[in-house]
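Undergrad: What follows is the file coords-v5.json, containing JSON, C-alpha atoms:
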[["chain", "number", "residue", "atom", "x", "y", "z"],
["A", 1, "MET", "CA", 0.00, 0.00, 0.00],
["A", 2, "ASN", "CA", 1.52, 3.28, -1.08],
["A", 3, "ARG", "CA", 0.72, 6.23, 1.15],
["A", 4, "ASP", "CA", 1.16, 9.78, 0.09],
["A", 5, "PHE", "CA", 2.61, 11.36, 3.23],
["A", 6, "GLN", "CA", 3.31, 15.08, 3.14],
["A", 7, "HIS", "CA", 6.09, 16.41, 5.34],
["A", 8, "VAL", "CA", 4.66, 18.98, 7.80],
["A", 9, "ARG", "CA", 7.15, 20.56, 10.17],
["A", 10, "HIS", "CA", 6.28, 22.72, 13.16],
["A", 11, "LYS", "CA", 2.61, 21.87, 13.43],
["A", 12, "PRO", "CA", 0.86, 24.02, 16.03],
["A", 13, "PRO", "CA", 0.87, 22.48, 19.50],
["A", 14, "ARG", "CA", -2.15, 20.62, 20.81],
["A", 15, "VAL", "CA", -4.30, 22.83, 22.97],
["A", 16, "LEU", "CA", -4.64, 21.60, 26.53],
["A", 17, "GLU", "CA", -8.10, 21.75, 28.08],
["A", 18, "ARG", "CA", -6.50, 22.87, 31.33],
["A", 19, "PRO", "CA", -2.96, 23.68, 32.45],
["A", 20, "ARG", "CA", -0.88, 20.73, 33.57],
["A", 21, "GLU", "CA", -0.39, 20.35, 37.31],
["A", 22, "LEU", "CA", 2.96, 18.73, 36.71],
["A", 23, "MET", "CA", 6.28, 20.12, 37.86],
["A", 24, "VAL", "CA", 9.82, 18.84, 37.50],
["A", 25, "ALA", "CA", 12.34, 19.10, 40.36],
["A", 26, "LEU", "CA", 16.06, 18.88, 39.65],
["A", 27, "PRO", "CA", 18.97, 18.61, 42.08],
["A", 28, "PRO", "CA", 22.16, 20.48, 41.21],
["A", 29, "MET", "CA", 22.96, 18.83, 37.88],
["A", 30, "GLN", "CA", 26.42, 18.07, 36.58],
["A", 31, "SER", "CA", 25.58, 19.11, 33.01],
["A", 32, "ASN", "CA", 23.83, 22.26, 31.85],
["A", 33, "VAL", "CA", 23.21, 20.42, 28.58],
["A", 34, "ASN", "CA", 20.99, 18.00, 30.52],
["A", 35, "VAL", "CA", 19.18, 20.86, 32.25],
["A", 36, "SER", "CA", 18.63, 22.56, 28.88],
["A", 37, "ARG", "CA", 17.33, 19.35, 27.32],
["A", 38, "ILE", "CA", 14.94, 18.88, 30.26],
["A", 39, "VAL", "CA", 13.67, 22.45, 29.82],
["A", 40, "ARG", "CA", 13.00, 21.78, 26.13],
["A", 41, "ALA", "CA", 11.20, 18.50, 26.86],
["A", 42, "ALA", "CA", 9.14, 20.17, 29.59],
["A", 43, "GLY", "CA", 8.11, 22.93, 27.22],
["A", 44, "CYS", "CA", 7.05, 20.38, 24.60],
["A", 45, "CYS", "CA", 4.91, 18.61, 27.21],
["A", 46, "GLY", "CA", 3.12, 21.70, 28.49],
["A", 47, "VAL", "CA", 5.02, 21.81, 31.78],
["A", 48, "THR", "CA", 5.35, 25.44, 32.81],
["A", 49, "HIS", "CA", 7.39, 25.17, 36.02],
["A", 50, "ILE", "CA", 10.72, 23.56, 36.88],
["A", 51, "ILE", "CA", 12.42, 23.68, 40.24],
["A", 52, "ALA", "CA", 16.19, 23.57, 39.85],
["A", 53, "CYS", "CA", 18.87, 23.58, 42.51],
["A", 54, "GLY", "CA", 22.38, 24.89, 42.36],
["A", 55, "HIS", "CA", 23.35, 27.27, 39.57],
["A", 56, "PRO", "CA", 21.58, 26.03, 36.44],
["A", 57, "LYS", "CA", 22.52, 27.73, 33.20],
["A", 58, "ILE", "CA", 20.24, 27.28, 30.23],
["A", 59, "ASP", "CA", 21.73, 26.91, 26.76],
["A", 60, "TYR", "CA", 19.11, 28.58, 24.57],
["A", 61, "LYS", "CA", 20.27, 26.73, 21.47],
["A", 62, "ILE", "CA", 19.39, 23.45, 23.20],
["A", 63, "ALA", "CA", 16.34, 24.53, 25.22],
["A", 64, "ARG", "CA", 14.91, 26.45, 22.25],
["A", 65, "ASP", "CA", 11.38, 27.78, 22.93],
["A", 66, "GLY", "CA", 11.25, 25.90, 26.22],
["A", 67, "ALA", "CA", 13.55, 28.55, 27.68],
["A", 68, "ASP", "CA", 10.83, 31.15, 27.10],
["A", 69, "GLU", "CA", 7.85, 28.99, 28.10],
["A", 70, "VAL", "CA", 9.09, 27.26, 31.25],
["A", 71, "ARG", "CA", 9.60, 29.18, 34.48],
["A", 72, "ILE", "CA", 12.67, 27.99, 36.37],
["A", 73, "GLU", "CA", 12.57, 28.49, 40.12],
["A", 74, "VAL", "CA", 16.07, 28.16, 41.60],
["A", 75, "HIS", "CA", 16.70, 26.93, 45.14],
["A", 76, "ARG", "CA", 19.73, 25.84, 47.11],
["A", 77, "THR", "CA", 18.35, 22.39, 48.02],
["A", 78, "LEU", "CA", 15.28, 20.29, 47.21],
["A", 79, "PRO", "CA", 13.93, 19.07, 50.61],
["A", 80, "PRO", "CA", 12.34, 22.35, 51.80],
["A", 81, "VAL", "CA", 10.71, 22.91, 48.40],
["A", 82, "LEU", "CA", 9.45, 19.35, 48.17],
["A", 83, "GLN", "CA", 8.01, 19.61, 51.69],
["A", 84, "ARG", "CA", 6.13, 22.76, 50.63],
["A", 85, "LEU", "CA", 4.80, 21.02, 47.51],
["A", 86, "LYS", "CA", 3.56, 18.12, 49.63],
["A", 87, "THR", "CA", 1.58, 20.54, 51.80],
["A", 88, "GLU", "CA", 0.14, 22.02, 48.58],
["A", 89, "GLY", "CA", -1.16, 18.59, 47.60],
["A", 90, "TYR", "CA", 1.48, 17.51, 45.09],
["A", 91, "CYS", "CA", 2.39, 13.85, 44.87],
["A", 92, "LEU", "CA", 6.17, 13.50, 44.78],
["A", 93, "VAL", "CA", 7.24, 10.88, 42.24],
["A", 94, "GLY", "CA", 10.91, 10.01, 41.95],
["A", 95, "LEU", "CA", 12.48, 8.90, 38.70],
["A", 96, "GLU", "CA", 15.03, 6.36, 39.95],
["A", 97, "GLN", "CA", 15.90, 2.68, 40.17],
["A", 98, "THR", "CA", 15.16, 1.62, 43.75],
["A", 99, "THR", "CA", 13.77, -1.27, 45.72],
["A", 100, "GLY", "CA", 10.02, -0.95, 45.41],
["A", 101, "SER", "CA", 10.10, 1.28, 42.34],
["A", 102, "GLN", "CA", 7.35, 0.64, 39.80],
["A", 103, "LEU", "CA", 7.78, 0.28, 36.07],
["A", 104, "ILE", "CA", 6.83, 3.61, 34.57],
["A", 105, "TYR", "CA", 4.31, 2.13, 32.12],
["A", 106, "GLU", "CA", 2.48, 0.38, 34.98],
["A", 107, "TYR", "CA", 2.27, 3.47, 37.20],
["A", 108, "ALA", "CA", -0.81, 5.71, 37.14],
["A", 109, "PHE", "CA", 0.53, 9.23, 37.63],
["A", 110, "PRO", "CA", -1.63, 11.55, 39.73],
["A", 111, "GLN", "CA", -2.49, 14.72, 37.82],
["A", 112, "ARG", "CA", -1.07, 16.98, 40.55],
["A", 113, "CYS", "CA", 2.45, 15.70, 40.56],
["A", 114, "CYS", "CA", 6.08, 16.70, 40.90],
["A", 115, "LEU", "CA", 8.55, 14.51, 39.02],
["A", 116, "VAL", "CA", 11.77, 14.41, 41.05],
["A", 117, "VAL", "CA", 14.81, 13.66, 38.91],
["A", 118, "GLY", "CA", 18.12, 12.40, 40.25],
["A", 119, "HIS", "CA", 21.63, 13.66, 39.68],
["A", 120, "GLU", "CA", 23.29, 12.15, 36.60],
["A", 121, "ARG", "CA", 25.86, 10.15, 38.57],
["A", 122, "HIS", "CA", 24.50, 9.89, 42.11],
["A", 123, "GLY", "CA", 20.75, 9.62, 41.56],
["A", 124, "ILE", "CA", 18.25, 10.87, 44.13],
["A", 125, "THR", "CA", 19.76, 11.47, 47.56],
["A", 126, "ASP", "CA", 18.60, 9.40, 50.54],
["A", 127, "ASP", "CA", 17.00, 12.39, 52.29],
["A", 128, "VAL", "CA", 14.89, 13.12, 49.18],
["A", 129, "LEU", "CA", 14.04, 9.43, 48.64],
["A", 130, "LYS", "CA", 12.47, 9.38, 52.12],
["A", 131, "MET", "CA", 10.12, 12.22, 51.10],
["A", 132, "LEU", "CA", 8.77, 10.60, 47.94],
["A", 133, "ASP", "CA", 5.28, 9.16, 47.62],
["A", 134, "ALA", "CA", 6.28, 6.83, 44.77],
["A", 135, "VAL", "CA", 9.28, 5.94, 42.62],
["A", 136, "VAL", "CA", 9.10, 4.95, 38.97],
["A", 137, "GLU", "CA", 11.82, 3.46, 36.84],
["A", 138, "ILE", "CA", 12.32, 3.04, 33.14],
["A", 139, "PRO", "CA", 13.38, -0.49, 32.23],
["A", 140, "VAL", "CA", 16.67, -0.88, 30.40],
["A", 141, "TYR", "CA", 17.16, -3.92, 28.20],
["A", 142, "SER", "CA", 20.91, -3.74, 27.64],
["A", 143, "LEU", "CA", 23.90, -1.67, 28.72],
["A", 144, "PRO", "CA", 24.20, 0.97, 30.10],
["A", 145, "TYR", "CA", 22.18, 0.36, 33.25],
["A", 146, "SER", "CA", 20.09, 3.50, 33.04],
["A", 147, "HIS", "CA", 19.14, 6.25, 30.63],
["A", 148, "ASN", "CA", 20.78, 9.67, 30.65],
["A", 149, "ALA", "CA", 18.96, 12.00, 33.10],
["A", 150, "ALA", "CA", 17.55, 14.23, 30.36],
["A", 151, "THR", "CA", 16.46, 11.26, 28.25],
["A", 152, "ALA", "CA", 14.79, 9.58, 31.24],
["A", 153, "THR", "CA", 13.01, 12.81, 32.12],
["A", 154, "ALA", "CA", 11.72, 13.17, 28.56],
["A", 155, "ILE", "CA", 10.44, 9.57, 28.63],
["A", 156, "ALA", "CA", 8.68, 10.17, 31.97],
["A", 157, "LEU", "CA", 7.15, 13.44, 30.78],
["A", 158, "TYR", "CA", 5.89, 11.70, 27.66],
["A", 159, "GLU", "CA", 4.31, 8.92, 29.76],
["A", 160, "PHE", "CA", 2.55, 11.51, 31.90],
["A", 161, "CYS", "CA", 1.26, 13.22, 28.75],
["A", 162, "ARG", "CA", 0.14, 9.88, 27.33],
["A", 163, "GLN", "CA", -1.94, 9.33, 30.48],
["A", 164, "TYR", "CA", -3.29, 12.91, 30.48],
["A", 165, "PRO", "CA", -3.34, 14.08, 26.85],
["A", 166, "ASP", "CA", -5.67, 17.01, 27.58],
["A", 167, "GLY", "CA", -3.91, 18.43, 30.61]]
Using the file provided, produce a representation of the structure as structure tokens.
TA:
Amino acid sequence: MNRDFQHVRHKPPRVLERPRELMVALPPMQSNVNVSRIVRAAGCCGVTHIIACGHPKIDYKIARDGADEVRIEVHRTLPPVLQRLKTEGYCLVGLEQTTGSQLIYEYAFPQRCCLVVGHERHGITDDVLKMLDAVVEIPVYSLPYSHNAATATAIALYEFCRQYPDG
């Protein structure tokens, strides 16, 4: 069957019925390239707010329009911010390989959620792990043992959007 596909670049984004109640929380990251890639992925998924620790620097060539669409709130450490989000009714979901973590495609994300990402080399710290309501992991079928932090975040954001396509 021959299909006549026409190449269409830069289609307008889907309109969300309501704003997403999804945030992303980042520890101090080793690579500003990863932070910039996460900002771009967040922007593509309709996420409007990222919490970043340390001294994140956004590379606008990598983040593209996400740099203009996503508000980045910078803090020294994650625990006080995560505690505040919990009191505001956010479910804290870690993206990490742990005992008791659930496969991401089997986990039903709550709509009001903060995705907590780990450091590229060290993962999520023990003090933050204790605060989480759930932990999801992305299965890996060969080496290396886990995805790059920015890639894993993009996969998790996509799964959230798959579960809540309208916001």
Undergrad: What is the CA of Phe160 (chain A)-CA of Ile138 (chain A) distance in Å, reported with one decimal?
TA: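 Taking CA of Phe160 (chain A) as the start and CA of Ile138 (chain A) as the end point, the length is 13.0 Å.
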Undergrad: If I take CA of Tyr60 (chain A) and CA of Arg9 (chain A), how far is one from the other in Å, to one decimal?
TA: 20.4 Å
Undergrad: When you count only C-alpha atoms, which of these residues is closest to Pro28 (chain A): A:Ala152, A:Leu16, A:Leu115, A:Ile51?
TA: A:Ile51
Undergrad: Can you tell me, as a VMD selection string, which residues sit within 12 Å of (3.2, 23.3, 17.5) in the file's frame, using all atoms listed in the file?
TA: chain A and resid 8 to 15 43 to 46 65
Undergrad: To one decimal place in Å, what is the distance between CA of Val116 (chain A) and CA of Ala25 (chain A)?
TA: 4.8 Å
Undergrad: With all atoms listed in the file as the basis for distance, which of A:Arg71, A:Val140, A:Arg20, A:Lys130 is at the shortest distance from Pro165 (chain A)?
TA: A:Arg20
Undergrad: Near Leu78 (chain A), within 12 Å and counting all atoms listed in the file, which residues show up once chain neighbours fewer than 3 positions away are dropped, as a PyMOL selection string?
TA: chain A and resi 24-28+50-54+73-75+81-85+92+114+116-119+124-129+131-132
Undergrad: Given all atoms listed in the file as the basis, pick out the residue of A:Ala67, A:Val47, A:Ile58, A:Ala134 nearest to Gly94 (chain A).
TA: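 Between A:Ala67, A:Val47, A:Ile58, A:Ala134, the residue approaching Gly94 (chain A) most closely is A:Ala134.
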Undergrad: Quick one: of A:Thr151, A:Lys86, A:Val136, A:Pro80, who's nearest to Cys113 (chain A), counting all atoms listed in the file?
TA: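 That would be A:Lys86, the residue with the smallest distance to Cys113 (chain A).
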Undergrad: Enclose the full set of atoms of region 50-65 of chain A listed in the file within a box whose edges lie along x, y and z, apply 5 Å of padding to each of the six sides, and report centre and edge lengths in Å to one decimal as JSON.
TA:
{"center_x": 17.0, "center_y": 26.0, "center_z": 32.0, "size_x": 22.6, "size_y": 15.1, "size_z": 31.0}
Undergrad: Which residues are near Ala154 (chain A)? Cut-off 7 Å, only C-alpha atoms, ignore same chain within fewer than 4 positions. Put them as a ChimeraX atom specification.
TA: /A:38,41,150,158
Undergrad: Could the residues in this selection be saved with C-alpha atoms as a PDB file, in the frame of the given file?
TA:
ATOM      1  CA  ILE A  38      14.940  18.880  30.260  1.00  0.00           C
ATOM      2  CA  ALA A  41      11.200  18.500  26.860  1.00  0.00           C
ATOM      3  CA  ALA A 150      17.550  14.230  30.360  1.00  0.00           C
ATOM      4  CA  TYR A 158       5.890  11.700  27.660  1.00  0.00           C
TER       5      TYR A 158
END
